[in-house]
Protein chains: 2
Amino acid sequence: VKAEIIAIGSELLTPFRQDTNSLYLTEKLNQFGVEVAFKTVVGDSREDLTAVARIALGRAEILIFMGGLGPTEDDLTREAVAAALELPLQRDESILNVLQQRFAKHKMKMAENNAKQADVIAGATVLPNRNGTAPGQWLSGTYDGTEKIIILLPGPPHELKPLFEEQCLERLRTKLPPAFIATRLLKVAMLPESQCDARIAPIYSKYVHVQTTILAHAGEIEVHLRARADSLEVAQERVDELAEKLEDELDDFVFSTKGESLEQIVGYYLQMRGATLAVAESCTGGLIGERITSVSGSSRYFPGGAMVYSNDLKSTLADVPKSLIKEHGAVSNEVAGAMAEGIRQRCKATWGLAVTGIAGPTGGTPEKPVGLVFHALSNGQSTEVVERKFPGDRERVRWWASQQALDMVRRKLM
Amino acid sequence: VKAEIIAIGSELLTPFRQDTNSLYLTEKLNQFGVEVAFKTVVGDSREDLTAVARIALGRAEILIFMGGLGPTEDDLTREAVAAALELPLQRDESILNVLQQRFAKHKMKMAENNAKQADVIAGATVLPNRNGTAPGQWLSGTYDGTEKIIILLPGPPHELKPLFEEQCLERLRTKLPPAFIATRLLKVAMLPESQCDARIAPIYSKYVHVQTTILAHAGEIEVHLRARADSLEVAQERVDELAEKLEDELDDFVFSTKGESLEQIVGYYLQMRGATLAVAESCTGGLIGERITSVSGSSRYFPGGAMVYSNDLKSTLADVPKSLIKEHGAVSNEVAGAMAEGIRQRCKATWGLAVTGIAGPTGGTPEKPVGLVFHALSNGQSTEVVERKFPGDRERVRWWASQQALDMVRRKLM
C-alpha cells in the first residue's frame, strides 16, 4: 500500500519553515507496513491544491493532507479535496454547535468565517480535535475506481499528533491487512561512519529481509533495523538475530540498544554504582553539564562543576597549579588531568571529568591546531587522558568533545 | 515565475531523514523574485520519478532536481528527467576522463557503473562538481512549448551548495528578469507571540507591499520583512520604513536588527563596556555558559562560572550561605541573588548572573511549581532578581530560563 503525505501552507514554501509532521506520520504508517511513496508541499492556492489532490488520488491509496483547515480565506483544504473527489461539502450542525460553544465560553462572538470549519466532505467521518478548533476528516471507500483512505488533519503538531494517535491508528488497523513489523535500534559512540559501515556492511547485506538504515551524527551512529514477516515472531527473530551479530561485531562501541541517549546511559551507570560525577569544562563551556542535566533526576549523580574558560578560573575553581598551565599550556594532557582531579576533589565527587581544547575558528597554532582537545577522567587513584583532533567547525568540535568525554565515563563504568 | 523543487531518494521517505536543501534553494530563488510553488519528495523509482518530472514540467517554469546523480542502480535522476523531456542521454567523454583520472589518482580501477555519471541529457550544460564525482546539469530552453530552466544537482549539501553558488546563480541572473528585493530581520526577546502580534499586526497589515513572516521560538520571535519593487532603492525604503515603525512599537524588546543571536549581542555589549560576566547555573546546568561560549572570542568577556546543581556546591563554588538555602530553599529570590553576587566575586567578574529553578517534570510543589525560575544579575552594588513561571517541558523551561537570563544582561548593558 502506497501513501502520499501532502503538507499545505504557503509558509512551508519559505526559507524559514519546514514540514516536520511527515516524519511522525511516516513512522506510524510504516508500522502498518505502509510505505510513503511521495511527499508534496503546496501553498494556499485553491487551484494548485486541487491539482495536487487529483495527482495524489491517481498514484497513492492512502492520502494524508495536513493543514489548511482553519477559518481564514487561505484555509482551502476542505474545498480543494472535495473538488478533487467531485463531492459536495456539507455544513455539519454539531461541529457548528461545538464551535459556537467554544467561542461563547470565552465570551466572544464567533466570526462568520469560522463556520467553514464545520464544512464536511460528503461521506466523511468527523475527527474531533480537542486541541484546536479545526476538526479532522476521514474518508474511506472507493474513489476513482480503487479503495482509498483519505485523511484531513490540522497542521499544528500538537493538534495533529494526538488526533492521529487517538482517532486514526485504530481506524487504519481495521482497514489495512495485518502487518507484522519489528524494529531495533543500536546506537554507536565515537566510531567513524566509514569504519562502522566497513565492519557491519558485510553482515547486514546478507540479511535481505531486514532493512538497515544508518544515520551518522558527530560522534554517534544510529543503526536502524526493520523487518516485515508473516508473523510478529518471525519479524522479531529476524531483527534480533541481525542486531545480535552487529552488537558482536561492534562490541563496546554500542552504547544503547533501547534508544537511550549517551547522557542517559552515563546516568544509569553512575546510579547503578552509587557514584557521582563532577565536570570542569573549558572549550565546551557548559555543554557537558547541560547534556547531563537534560536528563530528569540527574541531581542523584551530578552535583555540578565549573566552566573554567579562563586560565585563572582553572586554578580558582578546579585547583590547577598555575605553574602547570605555564609549563604545558592550558590545552595539554597535564592540565586536563589536573582539572579532572581538581574538580573531583572540590565537588567531593567519585569521578572528575574535564575537557580542554581549541574549538576554533581562531586560536590554533601548528603545535596545537583547531580541533585539538584533551579529555580527562579521574577517580583519585588514577587519571585517564584522551587526546583527540576533531574535524569541523566550532560547534562540531565542541559536540565531539562532549561526546568523547561522556563516552569515557561510559566505558569506565561499563 | 514559479519553481518546483524535487528531492530524490528513498531515504527521504523514511521517518529518519528530511530534505533540508530546499530551504537553502528557496532563499536563493526568492532573491531572484522566484517563488517556490511546489516541493516534492520521491523515492528511487524510475517510474515514480519520471511521472513526477512530467508533472513538474506541467506546472513550474524552474525545476530543480536534487539527488539521484550517483553511480548506483538507484541513481535514476538523469534517466527519468531525460525520459520526461523525451530527450536522449549522451555519454560525455570529458566527464568520463575526469572520473577515470579521479579513480586513477586514488589507485583504484573505476567500476563500470560509474560511467553513467558521464551521461548528459541532450542539450544540457555540465556543471562540474568539485566536491564529489557526480556533476550537475543545466538545461534552459523551450520545453513543452514554454521557456523552462531545469537544473539537476547532487544531493549532499556540501556538494549542492557550492555548486549552486558558483555555477547556477550567475546563469539564473542572466535568464531571469531583474528582481529588486530587499529584506530585513528583527529579533525580539521575551515577548509572548500573541502580544507581539497584537502590537505589530495593525502596523504591518497596512504595508501591503511588504511580506511579513513571524517565527516564534521559546522566548524569541523573528520578524522577517521582504519587499519587491521596480528598483532596489524603493524595495529597501519599503522594508526600512516598516522596520522602523515596528522597532518603535516594540522598543527595547527588539534585540537585533542584523541577524545576531542574543548571546552575540550580550557579547558585543560586554566588550563595548570592557566588562566581564560570570555565571552560576542550577536548573540550566551549563546551558547559559554553553550559549555564551558558542560565540568565538567569548573568552574576552567570559571567564567562566559554575554549575551548582547540588545545594552543597551552591555554597562551595558560589559562596551562598547554607543558612540562606535552609531558610528560603534553593529555588528562591534570596538564593538566586546570593548565587549571582557569589559567583561574581569568586570569578572576579564585573557582572554575576545566576539561575535557579524547577525544570521538571518532577520536583514541583504547590508553592514552587515546575517552571518556576529565579534569575539574578549582580554588579556588586545592586542585584536584580526576576521571577518567572515558564510553560512547557524540561527542555523548554531550561531554554526559556537561559533566554531570560541573557536578556537581563542585555537590558542592563543596553
# chains A, B, ... in the order shown; residues from 1 in each chain; ligands from 1
>>> select_by_dssp(residues="region 253-284 of chain A", states="alpha helix (DSSP H)", output="VMD selection string")
chain A and resid 262 to 272
>>> write_last_selection(atoms="C-alpha atoms", output="compact mmCIF listing (two decimals), in the first residue's frame")
# COMPACT_ATOMS: atom_id res chain seq x y z
CA LEU A 262 24.53 8.71 25.79
CA GLU A 263 23.84 11.05 28.73
CA GLN A 264 21.04 8.75 29.93
CA ILE A 265 23.34 5.72 29.76
CA VAL A 266 26.06 7.56 31.70
CA GLY A 267 23.39 8.42 34.30
CA TYR A 268 22.26 4.78 34.57
CA TYR A 269 25.79 3.55 35.16
CA LEU A 270 26.56 6.23 37.75
CA GLN A 271 23.36 5.46 39.68
CA MET A 272 23.93 1.73 39.43
>>> closest_atom_pairs(of="chain B", to="chain A", cutoff="8 Å", atoms="only C-alpha atoms", output="JSON lines")
{"residue": "B:Leu13", "atom": "CA", "partner": "A:Val36", "partner_atom": "CA", "distance": 6.0}
{"residue": "B:Thr14", "atom": "CA", "partner": "A:Thr26", "partner_atom": "CA", "distance": 6.4}
{"residue": "B:Pro15", "atom": "CA", "partner": "A:Leu23", "partner_atom": "CA", "distance": 4.4}
{"residue": "B:Phe16", "atom": "CA", "partner": "A:Leu23", "partner_atom": "CA", "distance": 6.9}
{"residue": "B:Arg17", "atom": "CA", "partner": "A:Leu23", "partner_atom": "CA", "distance": 7.7}
{"residue": "B:Gln18", "atom": "CA", "partner": "A:Leu23", "partner_atom": "CA", "distance": 7.8}
{"residue": "B:Ser22", "atom": "CA", "partner": "A:Pro15", "partner_atom": "CA", "distance": 7.7}
{"residue": "B:Leu23", "atom": "CA", "partner": "A:Pro15", "partner_atom": "CA", "distance": 4.4}
{"residue": "B:Tyr24", "atom": "CA", "partner": "A:Pro15", "partner_atom": "CA", "distance": 6.5}
{"residue": "B:Leu25", "atom": "CA", "partner": "A:Pro15", "partner_atom": "CA", "distance": 7.9}
{"residue": "B:Thr26", "atom": "CA", "partner": "A:Pro15", "partner_atom": "CA", "distance": 5.4}
{"residue": "B:Glu27", "atom": "CA", "partner": "A:Pro15", "partner_atom": "CA", "distance": 5.1}
{"residue": "B:Val36", "atom": "CA", "partner": "A:Leu13", "partner_atom": "CA", "distance": 6.0}
{"residue": "B:Ala37", "atom": "CA", "partner": "A:Val42", "partner_atom": "CA", "distance": 6.3}
{"residue": "B:Phe38", "atom": "CA", "partner": "A:Val42", "partner_atom": "CA", "distance": 5.1}
{"residue": "B:Lys39", "atom": "CA", "partner": "A:Val41", "partner_atom": "CA", "distance": 4.9}
{"residue": "B:Thr40", "atom": "CA", "partner": "A:Thr40", "partner_atom": "CA", "distance": 4.5}
{"residue": "B:Val41", "atom": "CA", "partner": "A:Lys39", "partner_atom": "CA", "distance": 4.9}
{"residue": "B:Val42", "atom": "CA", "partner": "A:Phe38", "partner_atom": "CA", "distance": 5.1}
{"residue": "B:Gly43", "atom": "CA", "partner": "A:Ala37", "partner_atom": "CA", "distance": 6.5}
{"residue": "B:Leu215", "atom": "CA", "partner": "A:Phe16", "partner_atom": "CA", "distance": 8.0}
{"residue": "B:Cys283", "atom": "CA", "partner": "A:Thr293", "partner_atom": "CA", "distance": 7.8}
{"residue": "B:Thr284", "atom": "CA", "partner": "A:Glu290", "partner_atom": "CA", "distance": 6.7}
{"residue": "B:Gly285", "atom": "CA", "partner": "A:Glu290", "partner_atom": "CA", "distance": 4.9}
{"residue": "B:Gly286", "atom": "CA", "partner": "A:Gly286", "partner_atom": "CA", "distance": 4.0}
{"residue": "B:Leu287", "atom": "CA", "partner": "A:Glu290", "partner_atom": "CA", "distance": 5.2}
{"residue": "B:Ile288", "atom": "CA", "partner": "A:Gly286", "partner_atom": "CA", "distance": 7.5}
{"residue": "B:Gly289", "atom": "CA", "partner": "A:Gly286", "partner_atom": "CA", "distance": 5.1}
{"residue": "B:Glu290", "atom": "CA", "partner": "A:Gly286", "partner_atom": "CA", "distance": 4.6}
{"residue": "B:Ile292", "atom": "CA", "partner": "A:Gly285", "partner_atom": "CA", "distance": 8.0}
{"residue": "B:Thr293", "atom": "CA", "partner": "A:Gly285", "partner_atom": "CA", "distance": 5.7}
{"residue": "B:Ser294", "atom": "CA", "partner": "A:Glu395", "partner_atom": "CA", "distance": 7.0}
{"residue": "B:Ser296", "atom": "CA", "partner": "A:Pro361", "partner_atom": "CA", "distance": 7.1}
{"residue": "B:Ser299", "atom": "CA", "partner": "A:Tyr309", "partner_atom": "CA", "distance": 6.7}
{"residue": "B:Phe302", "atom": "CA", "partner": "A:Tyr309", "partner_atom": "CA", "distance": 7.1}
{"residue": "B:Pro303", "atom": "CA", "partner": "A:Ser310", "partner_atom": "CA", "distance": 4.7}
{"residue": "B:Gly304", "atom": "CA", "partner": "A:Met307", "partner_atom": "CA", "distance": 4.8}
{"residue": "B:Gly305", "atom": "CA", "partner": "A:Met307", "partner_atom": "CA", "distance": 5.0}
{"residue": "B:Ala306", "atom": "CA", "partner": "A:Ala306", "partner_atom": "CA", "distance": 4.1}
{"residue": "B:Met307", "atom": "CA", "partner": "A:Gly304", "partner_atom": "CA", "distance": 4.8}
{"residue": "B:Val308", "atom": "CA", "partner": "A:Gly304", "partner_atom": "CA", "distance": 5.0}
{"residue": "B:Tyr309", "atom": "CA", "partner": "A:Gly304", "partner_atom": "CA", "distance": 4.9}
{"residue": "B:Ser310", "atom": "CA", "partner": "A:Pro303", "partner_atom": "CA", "distance": 4.7}
{"residue": "B:Asp312", "atom": "CA", "partner": "A:Pro303", "partner_atom": "CA", "distance": 8.0}
{"residue": "B:Leu313", "atom": "CA", "partner": "A:Cys347", "partner_atom": "CA", "distance": 6.7}
{"residue": "B:Thr316", "atom": "CA", "partner": "A:Cys347", "partner_atom": "CA", "distance": 7.8}
{"residue": "B:Leu317", "atom": "CA", "partner": "A:Leu317", "partner_atom": "CA", "distance": 7.2}
{"residue": "B:Arg346", "atom": "CA", "partner": "A:Thr316", "partner_atom": "CA", "distance": 7.9}
{"residue": "B:Cys347", "atom": "CA", "partner": "A:Leu313", "partner_atom": "CA", "distance": 6.8}
{"residue": "B:Gly360", "atom": "CA", "partner": "A:Ser296", "partner_atom": "CA", "distance": 7.1}
{"residue": "B:Pro361", "atom": "CA", "partner": "A:Ser296", "partner_atom": "CA", "distance": 7.1}
{"residue": "B:Thr362", "atom": "CA", "partner": "A:Ser296", "partner_atom": "CA", "distance": 7.6}
{"residue": "B:Arg394", "atom": "CA", "partner": "A:Ser294", "partner_atom": "CA", "distance": 7.5}
{"residue": "B:Glu395", "atom": "CA", "partner": "A:Ser294", "partner_atom": "CA", "distance": 7.0}
>>> residues_around(residues="Leu63 (chain B)", least_positions_apart="4", cutoff="8 Å", atoms="only C-alpha atoms", output="JSON, numbers by chain")
{"B": [3, 4, 5, 6, 56, 57, 148, 149, 150, 151]}
>>> residues_around(residues="Asn379 (chain B)", least_positions_apart="6", cutoff="7 Å", atoms="only C-alpha atoms", output="list of chain:residue names")
B:Thr350, B:Trp351, B:Gly352
>>> write_last_selection(atoms="C-alpha atoms", output="PDB file, in the first residue's frame")
ATOM      1  CA  THR B 350      32.109  42.788  36.552  1.00  0.00           C
ATOM      2  CA  TRP B 351      28.752  41.040  36.466  1.00  0.00           C
ATOM      3  CA  GLY B 352      27.438  37.873  38.080  1.00  0.00           C
TER       4      GLY B 352
END
>>> residues_around(residues="Arg411 (chain B)", least_positions_apart="5", cutoff="12 Å", atoms="only C-alpha atoms", output="PyMOL selection string")
chain B and resi 189-190+251-255+262+265-266+269-270+377+384+404-406
>>> residues_around(residues="Glu249 (chain B)", least_positions_apart="6", cutoff="9 Å", atoms="only C-alpha atoms", output="MDAnalysis selection string")
chainID B and resid 199:200 203
>>> write_last_selection(atoms="N, CA and C atoms", output="PDB file, in the first residue's frame")
ATOM      1  N   ARG B 199       0.546  43.757  18.871  1.00  0.00           N
ATOM      2  CA  ARG B 199       1.139  45.089  18.787  1.00  0.00           C
ATOM      3  C   ARG B 199       1.549  45.464  17.369  1.00  0.00           C
ATOM      4  N   ILE B 200       2.037  44.494  16.612  1.00  0.00           N
ATOM      5  CA  ILE B 200       2.583  44.883  15.302  1.00  0.00           C
ATOM      6  C   ILE B 200       1.650  44.606  14.123  1.00  0.00           C
ATOM      7  N   ILE B 203       0.170  47.465  12.347  1.00  0.00           N
ATOM      8  CA  ILE B 203       1.140  48.243  11.564  1.00  0.00           C
ATOM      9  C   ILE B 203       1.478  47.523  10.263  1.00  0.00           C
TER      10      ILE B 203
END
>>> atom_distance(atom1="CA of Thr50 (chain A)", atom2="CA of Glu86 (chain A)")
10.5 Å
>>> atom_distance(atom1="CA of Leu153 (chain A)", atom2="CA of Leu172 (chain A)")
14.4 Å
>>> atom_distance(atom1="CA of Lys2 (chain A)", atom2="CA of Ala53 (chain B)")
18.9 Å
>>> select_by_dssp(residues="region 32-248 of chain A", states="strand (DSSP E or B)", output="PyMOL selection string")
chain A and resi 35-42+62-66+89-91+119-121+125-127+136-143+146-153+180-189+210-217+220-229
>>> write_last_selection(atoms="C-alpha atoms", output="mmCIF file, in the first residue's frame")
data_model
loop_
_atom_site.group_PDB
_atom_site.id
_atom_site.type_symbol
_atom_site.label_atom_id
_atom_site.label_comp_id
_atom_site.auth_asym_id
_atom_site.auth_seq_id
_atom_site.Cartn_x
_atom_site.Cartn_y
_atom_site.Cartn_z
ATOM 1 C CA GLU A 35 5.339 2.910 2.635
ATOM 2 C CA VAL A 36 5.286 6.620 1.938
ATOM 3 C CA ALA A 37 5.916 6.943 -1.792
ATOM 4 C CA PHE A 38 5.501 10.702 -2.211
ATOM 5 C CA LYS A 39 5.582 13.844 -0.111
ATOM 6 C CA THR A 40 4.262 17.087 -1.524
ATOM 7 C CA VAL A 41 4.270 20.631 -0.184
ATOM 8 C CA VAL A 42 1.843 23.083 -1.744
ATOM 9 C CA ILE A 62 -3.626 6.459 1.375
ATOM 10 C CA LEU A 63 -3.674 10.269 1.180
ATOM 11 C CA ILE A 64 -2.948 12.402 4.212
ATOM 12 C CA PHE A 65 -3.494 16.142 3.944
ATOM 13 C CA MET A 66 -2.056 18.313 6.730
ATOM 14 C CA LEU A 89 -19.246 19.944 1.186
ATOM 15 C CA GLN A 90 -21.999 19.765 3.799
ATOM 16 C CA ARG A 91 -22.194 22.002 6.851
ATOM 17 C CA ASP A 119 -17.912 22.012 6.368
ATOM 18 C CA VAL A 120 -17.540 18.280 5.870
ATOM 19 C CA ILE A 121 -16.886 16.403 2.632
ATOM 20 C CA THR A 125 -16.318 10.959 9.331
ATOM 21 C CA VAL A 126 -15.550 13.964 11.525
ATOM 22 C CA LEU A 127 -12.432 13.587 13.730
ATOM 23 C CA GLY A 136 -10.065 16.464 11.025
ATOM 24 C CA GLN A 137 -11.898 14.341 8.472
ATOM 25 C CA TRP A 138 -11.681 10.667 7.484
ATOM 26 C CA LEU A 139 -12.889 9.167 4.227
ATOM 27 C CA SER A 140 -12.574 5.560 3.182
ATOM 28 C CA GLY A 141 -14.185 3.880 0.261
ATOM 29 C CA THR A 142 -13.938 3.526 -3.475
ATOM 30 C CA TYR A 143 -12.781 6.650 -5.244
ATOM 31 C CA THR A 146 -9.965 1.975 -6.225
ATOM 32 C CA GLU A 147 -10.103 1.641 -2.467
ATOM 33 C CA LYS A 148 -8.680 4.758 -0.842
ATOM 34 C CA ILE A 149 -8.224 6.180 2.612
ATOM 35 C CA ILE A 150 -8.200 9.980 2.695
ATOM 36 C CA ILE A 151 -7.398 11.815 5.913
ATOM 37 C CA LEU A 152 -7.504 15.570 6.565
ATOM 38 C CA LEU A 153 -5.505 16.646 9.621
ATOM 39 C CA PHE A 180 3.977 -7.799 11.275
ATOM 40 C CA ILE A 181 6.887 -5.464 11.591
ATOM 41 C CA ALA A 182 9.683 -5.448 14.136
ATOM 42 C CA THR A 183 12.336 -2.785 14.605
ATOM 43 C CA ARG A 184 15.574 -2.457 16.561
ATOM 44 C CA LEU A 185 17.886 0.478 17.100
ATOM 45 C CA LEU A 186 21.577 0.263 18.015
ATOM 46 C CA LYS A 187 23.464 3.408 18.957
ATOM 47 C CA VAL A 188 27.217 3.531 18.494
ATOM 48 C CA ALA A 189 29.633 6.057 20.009
ATOM 49 C CA VAL A 210 15.964 -6.755 7.200
ATOM 50 C CA GLN A 211 16.056 -3.143 6.093
ATOM 51 C CA THR A 212 19.114 -1.432 7.591
ATOM 52 C CA THR A 213 19.349 2.364 7.785
ATOM 53 C CA ILE A 214 22.496 4.042 9.085
ATOM 54 C CA LEU A 215 22.378 7.630 10.342
ATOM 55 C CA ALA A 216 25.618 9.327 11.318
ATOM 56 C CA HIS A 217 25.951 12.368 13.572
ATOM 57 C CA GLU A 220 27.281 8.950 17.176
ATOM 58 C CA ILE A 221 25.825 6.490 14.688
ATOM 59 C CA GLU A 222 22.324 5.073 14.728
ATOM 60 C CA VAL A 223 21.729 1.690 13.103
ATOM 61 C CA HIS A 224 18.009 1.191 12.483
ATOM 62 C CA LEU A 225 16.822 -2.335 11.688
ATOM 63 C CA ARG A 226 13.364 -3.141 10.378
ATOM 64 C CA ALA A 227 11.854 -6.433 9.262
ATOM 65 C CA ARG A 228 8.457 -7.484 7.980
ATOM 66 C CA ALA A 229 7.214 -11.051 8.050
#
